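Trainee: Take this structure, written in structure tokens, and hold onto it; I'll ask about it next.
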Amino acid sequence: MVPRKRAARVGDYITSGPTSKLPQGLSARVTAARSVARGRELKLRHVPVTDVAPVITYDGPLQATRPAAKPRSVFGGSAEFRFGDRECGLLSGFDITPSIGLGSPQLHVDVRLPSFRSAPKADLIVSLRPTVGATLRSQSGGFCQRELASPTTFVGAIFIGPAVIPVYLTVPLSVRVELTAETEATASVSWNARFGMRTKRAGVGIVPVAVFEADDPSIDANVKTTPQLKAGPQLGAQLGLGAPKVANLRVEASTAVEFTAQPGACSWDWRLGSFAAGGKLGPLTLRSPEVGTSSHRLWTGCDKSTFERSPPQPAPAPAPAPAPAASRLFFHADDAIMSISGVGAEDALTHISTANSAVVGLDANATHIFWTEGFGNDEAVFRAGRDGSDRRILTRTEQYPASGVLVGDHYYWLTRDAIARVATDGSSVQPDYIPLPASDFDGLDPADDLASDGIYFYFAGCGNGAVGRVKIDGSQLDTHFIDTDRCPQGIGVGGGRIYWTHLGGGFDQPPGYIGRANVDGTQVQRSWHVAFGSGELGVYDVEANDRFVYFTTNDTNAGGAKGYIGRVSVDGSGPQGKFITRAQLSVPLTLVP
């Protein structure tokens, strides 16, 4: 490929996507080059795309091409029994619905060609967590049904030997009330599965090895019982053999308007259509599960339903509040993502090795670490377990990513002109989720660092000389939420306050300092804490909780070879400028419970 800042030379590769003049695109190698009056004249030779891209890797979601089918019952039925000629009786029934899921399939591709110095390789692995289960629904209770009209027409007869079996068509209109208890039992089994192909070397070639692996099985079971009341008119149509009210085999279709009530909720629904088969023998009626059922909700309510209200119980004694868990401070240093509990360097844990990478954004939750790598060829968002396992790329980006914060089930990061996001499973990538307007100072990005309190994003903007704010959904954008008078760099939120940093330090500039304000923008303290004096350049990033404020800096007297994490109490007492020392310390910090 041709570097951006020089002209093409012999041996370089030229590529292009499809255009009107090159409908098949271009993949060629420069065989001769010379300067001419109008520019550069090149002679090209077509080469396979594998010569241009000898290494092809991909780690990401394997998207489904169609939505999953709605589960349907495959077996079941119901029975009703009436006492003599009475209109009321007992009912019971059940149905079984299977379920199959694949979780979130992930695809791993790693192809390395033998024509380049590395060993040949061609791996293709699909990872997923399939789930197989079934739901058993059973119901029992009582019903009362009165037929208001039931016009019947005999349309023919079937002769079986001496027996004559009439064929009838009837359209019953009735009112029905049911009071039942429905039990739903669900059981499922899931496991991690991997299949595909790996390769191993065999002399100068490679040999494919099939992969079929399974581990980490789990079983989940749940049982729930719900009382339910249904009442309403229904209109049906039956085509059957035999006597309509005595003994028959039939198929039927019906529509109904039903009022349904259960604990905490009730509704009116129009059941537009349902089809079933069944039969009757004296007081016993059998029916298959309904198919093709669709409904339209007319009304819902009863948020304070007293249905099945239990007697008042005395309030339990309040349990003692658990002690708050100590936050861990994550940072990038010495080619690794590390963390401390706030006690000090002796408590440091190394989570993930990141040799030769530039980590510019970092966040974590109870199970995973998320980070953004910028510059060079590794501009991407990564995810790994807190023990370093299952490391993979969530999404690649060519928008010069920076900063990064985890909110709910999405990881957000800054590009040059927007806040981007990706779901924590690698899906739903939105590189322009919240566009940001250009900064007041031409040439500077509108935002340099990003933080959130779960309701708003806050961003430090040196080009605006201000802290900006925007709601998580992209509304209420304010690029000058807090004017800082200088060039804010890092930003953090904790304990109900926003903290931001100014570089300062070095030469004859003012010392680096931290400003702060309440999250609503009040009580602004632009120089709340002076972090360093002359000779130490800082501060860069900042994080806070309700006890301490942490920040990063570099020692310019040591040629930038030493980095520090400083700490100060939220009341400004006990400053420790060199709380943690690392030979190599990059900017991002994050505090995680």
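Following the order of the structure tokens, chains are lettered A, B, ..., residues in each are numbered from 1, and ligands are numbered from 1.
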Leu286 of chain A: which residues within 6 Å, counting only C-alpha atoms, same-chain residues fewer than 5 positions away excluded, as a PyMOL selection string?

Mentor: chain A and resi 78-79+278-279

Trainee: Can I get the selection written as a PDB file, in the first residue's frame, with N, CA, C and O atoms?

Mentor:
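Written file, selection_17.pdb:
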ATOM      1  N   SER A  78     -56.865 -29.948  25.625  1.00  0.00           N
ATOM      2  CA  SER A  78     -57.671 -29.547  26.781  1.00  0.00           C
ATOM      3  C   SER A  78     -58.928 -30.403  26.836  1.00  0.00           C
ATOM      4  O   SER A  78     -59.352 -30.982  25.832  1.00  0.00           O
ATOM      5  N   ALA A  79     -59.473 -30.494  28.038  1.00  0.00           N
ATOM      6  CA  ALA A  79     -60.689 -31.284  28.246  1.00  0.00           C
ATOM      7  C   ALA A  79     -61.636 -30.513  29.148  1.00  0.00           C
ATOM      8  O   ALA A  79     -61.205 -29.799  30.063  1.00  0.00           O
ATOM      9  N   GLY A 278     -61.595 -31.004  17.618  1.00  0.00           N
ATOM     10  CA  GLY A 278     -62.036 -31.573  18.875  1.00  0.00           C
ATOM     11  C   GLY A 278     -63.168 -32.545  18.686  1.00  0.00           C
ATOM     12  O   GLY A 278     -63.513 -32.947  17.567  1.00  0.00           O
ATOM     13  N   GLY A 279     -63.714 -32.936  19.813  1.00  0.00           N
ATOM     14  CA  GLY A 279     -64.820 -33.873  19.785  1.00  0.00           C
ATOM     15  C   GLY A 279     -65.595 -33.825  21.078  1.00  0.00           C
ATOM     16  O   GLY A 279     -65.142 -33.242  22.076  1.00  0.00           O
TER      17      GLY A 279
END

Trainee: Would you please work out which residue, of A:Leu173, A:Ala28, A:Leu241, A:Leu179, is nearest to Ala256 of chain A when using only C-alpha atoms?

Mentor: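 Smallest distance to Ala256 of chain A is found for A:Leu173.
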
Trainee: Between A:Phe459, A:Phe382, A:Tyr411, A:Phe548, which residue has the minimum interatomic distance to Arg328 of chain A, considering only C-alpha atoms?

Mentor: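 Looking at the shortest contact to Arg328 of chain A, the residue is A:Phe548.
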
Trainee: Near Thr479 of chain A, counting only C-alpha atoms, which residues have an atom at most 10 Å away, once you skip same-chain residues fewer than 5 positions from it, shown as number ranges by chain?

Mentor: A: 436-440, 446-447, 458-461, 464-470

Trainee: Please, could you write that set of residues out with N, CA, C and O atoms as a short mmCIF file (atom, residue, chain, number, x, y, z; two decimals), in the first residue's frame?

Mentor:
data_model
loop_
_atom_site.label_atom_id
_atom_site.label_comp_id
_atom_site.auth_asym_id
_atom_site.auth_seq_id
_atom_site.Cartn_x
_atom_site.Cartn_y
_atom_site.Cartn_z
N LEU A 436 -21.33 15.89 17.08
CA LEU A 436 -20.93 17.06 17.86
C LEU A 436 -20.55 18.19 16.91
O LEU A 436 -19.82 17.97 15.93
N PRO A 437 -21.01 19.41 17.16
CA PRO A 437 -20.67 20.54 16.27
C PRO A 437 -19.19 20.90 16.40
O PRO A 437 -18.54 20.58 17.40
N ALA A 438 -18.66 21.57 15.38
CA ALA A 438 -17.26 21.98 15.38
C ALA A 438 -16.98 22.88 16.57
O ALA A 438 -17.85 23.62 17.05
N SER A 439 -15.73 22.84 17.04
CA SER A 439 -15.35 23.65 18.20
C SER A 439 -15.19 25.11 17.80
O SER A 439 -15.09 25.46 16.62
N ASP A 440 -15.14 25.99 18.81
CA ASP A 440 -14.97 27.42 18.56
C ASP A 440 -13.61 27.73 17.95
O ASP A 440 -13.47 28.67 17.18
N PRO A 446 -14.07 18.92 18.93
CA PRO A 446 -15.08 19.47 19.86
C PRO A 446 -15.04 18.84 21.24
O PRO A 446 -15.57 19.40 22.19
N ALA A 447 -14.44 17.65 21.38
CA ALA A 447 -14.37 16.98 22.68
C ALA A 447 -13.06 16.21 22.79
O ALA A 447 -12.59 15.61 21.82
N TYR A 458 -20.77 13.95 29.81
CA TYR A 458 -20.05 15.19 30.01
C TYR A 458 -18.74 15.08 29.23
O TYR A 458 -18.10 14.03 29.25
N PHE A 459 -18.35 16.12 28.51
CA PHE A 459 -17.12 16.05 27.73
C PHE A 459 -16.32 17.33 27.88
O PHE A 459 -16.86 18.43 27.94
N ALA A 460 -14.99 17.14 28.00
CA ALA A 460 -14.07 18.26 28.09
C ALA A 460 -13.70 18.68 26.68
O ALA A 460 -13.29 17.85 25.87
N GLY A 461 -13.82 19.98 26.38
CA GLY A 461 -13.53 20.48 25.05
C GLY A 461 -12.54 21.63 25.11
O GLY A 461 -12.92 22.77 25.41
N ASN A 464 -13.37 24.56 22.85
CA ASN A 464 -14.43 25.45 23.31
C ASN A 464 -14.11 26.13 24.63
O ASN A 464 -14.85 27.02 25.08
N GLY A 465 -13.03 25.68 25.29
CA GLY A 465 -12.72 26.21 26.61
C GLY A 465 -13.84 25.96 27.59
O GLY A 465 -14.15 26.80 28.43
N ALA A 466 -14.46 24.77 27.49
CA ALA A 466 -15.66 24.51 28.28
C ALA A 466 -15.87 23.02 28.47
O ALA A 466 -15.29 22.18 27.77
N VAL A 467 -16.72 22.70 29.46
CA VAL A 467 -17.25 21.34 29.64
C VAL A 467 -18.62 21.30 28.99
O VAL A 467 -19.47 22.16 29.25
N GLY A 468 -18.83 20.32 28.10
CA GLY A 468 -20.11 20.16 27.45
C GLY A 468 -20.95 19.08 28.10
O GLY A 468 -20.44 18.27 28.89
N ARG A 469 -22.23 19.06 27.77
CA ARG A 469 -23.13 18.05 28.33
C ARG A 469 -24.20 17.70 27.31
O ARG A 469 -24.64 18.56 26.54
N VAL A 470 -24.59 16.42 27.26
CA VAL A 470 -25.67 15.97 26.40
C VAL A 470 -26.30 14.75 27.04
O VAL A 470 -25.62 13.95 27.68
#

Trainee: Can you list, as number ranges by chain, every protein, DNA or RNA residue that comes within 10 Å of Ala243 of chain A when you count only C-alpha atoms, leaving out same-chain residues fewer than 6 positions away?

Mentor: A: 154, 165-168, 249, 280-281

Trainee: Dump N, CA and C atoms for the selected residues as a PDB file, in the first residue's frame?

Mentor:
ATOM      1  N   PHE A 154     -77.818 -29.134   8.687  1.00  0.00           N
ATOM      2  CA  PHE A 154     -77.238 -30.410   8.286  1.00  0.00           C
ATOM      3  C   PHE A 154     -76.996 -30.347   6.778  1.00  0.00           C
ATOM      4  N   ILE A 165     -73.975 -41.183   9.226  1.00  0.00           N
ATOM      5  CA  ILE A 165     -73.382 -40.166  10.100  1.00  0.00           C
ATOM      6  C   ILE A 165     -73.650 -38.803   9.474  1.00  0.00           C
ATOM      7  N   PRO A 166     -74.441 -37.965  10.140  1.00  0.00           N
ATOM      8  CA  PRO A 166     -74.766 -36.658   9.565  1.00  0.00           C
ATOM      9  C   PRO A 166     -73.563 -35.713   9.588  1.00  0.00           C
ATOM     10  N   VAL A 167     -73.534 -34.811   8.620  1.00  0.00           N
ATOM     11  CA  VAL A 167     -72.536 -33.733   8.551  1.00  0.00           C
ATOM     12  C   VAL A 167     -73.277 -32.427   8.805  1.00  0.00           C
ATOM     13  N   TYR A 168     -72.814 -31.662   9.780  1.00  0.00           N
ATOM     14  CA  TYR A 168     -73.542 -30.458  10.156  1.00  0.00           C
ATOM     15  C   TYR A 168     -72.626 -29.246  10.150  1.00  0.00           C
ATOM     16  N   LEU A 249     -67.299 -35.295  16.071  1.00  0.00           N
ATOM     17  CA  LEU A 249     -65.917 -34.920  15.751  1.00  0.00           C
ATOM     18  C   LEU A 249     -66.013 -33.680  14.886  1.00  0.00           C
ATOM     19  N   LYS A 280     -66.793 -34.447  21.068  1.00  0.00           N
ATOM     20  CA  LYS A 280     -67.650 -34.438  22.249  1.00  0.00           C
ATOM     21  C   LYS A 280     -68.287 -35.817  22.388  1.00  0.00           C
ATOM     22  N   LEU A 281     -68.306 -36.249  23.636  1.00  0.00           N
ATOM     23  CA  LEU A 281     -68.985 -37.508  23.945  1.00  0.00           C
ATOM     24  C   LEU A 281     -69.714 -37.316  25.263  1.00  0.00           C
TER      25      LEU A 281
END

Trainee: Tell me, as a list in words, which residues lie within 7 Å of segment 88-91 of chain A, counting only C-alpha atoms; anything in the same chain fewer than 5 positions away does not count.

Mentor: Ala79, Glu80, Phe81, Arg82, Phe83, Ser140, Gly141, Gly142, Phe143, Cys144 and Gln145 of chain A

Trainee: I need the residues from that last selection saved to file as a CSV table (one decimal), in the first residue's frame (with C-alpha atoms), if you can.

Mentor:
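Below is the file result.csv, written as the result:
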chain,number,residue,atom,x,y,z
A,79,ALA,CA,-60.7,-31.3,28.2
A,80,GLU,CA,-64.0,-30.0,29.7
A,81,PHE,CA,-66.4,-32.0,31.8
A,82,ARG,CA,-70.0,-30.9,32.5
A,83,PHE,CA,-72.3,-32.2,35.2
A,140,SER,CA,-57.1,-26.3,35.6
A,141,GLY,CA,-60.2,-24.7,37.0
A,142,GLY,CA,-63.9,-24.2,36.3
A,143,PHE,CA,-66.0,-22.5,33.7
A,144,CYS,CA,-69.6,-21.5,33.0
A,145,GLN,CA,-70.9,-21.1,29.4

Trainee: Neighbouring residues of Arg271 of chain A were defined as those with any atom within 6 Å, considering only C-alpha atoms; residues of the same chain fewer than 2 positions away were excluded. Please report them as a ChimeraX atom specification.

Mentor: /A:255-256,273,295

Trainee: For each of A:Pro263, A:Gly76, A:Gly494, A:Gly156, take the minimum atom-to-atom distance to Ser138 of chain A, counting only C-alpha atoms, then give the residue where this is smallest.

Mentor: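 So, comparing all the options, the nearest one is A:Gly76.
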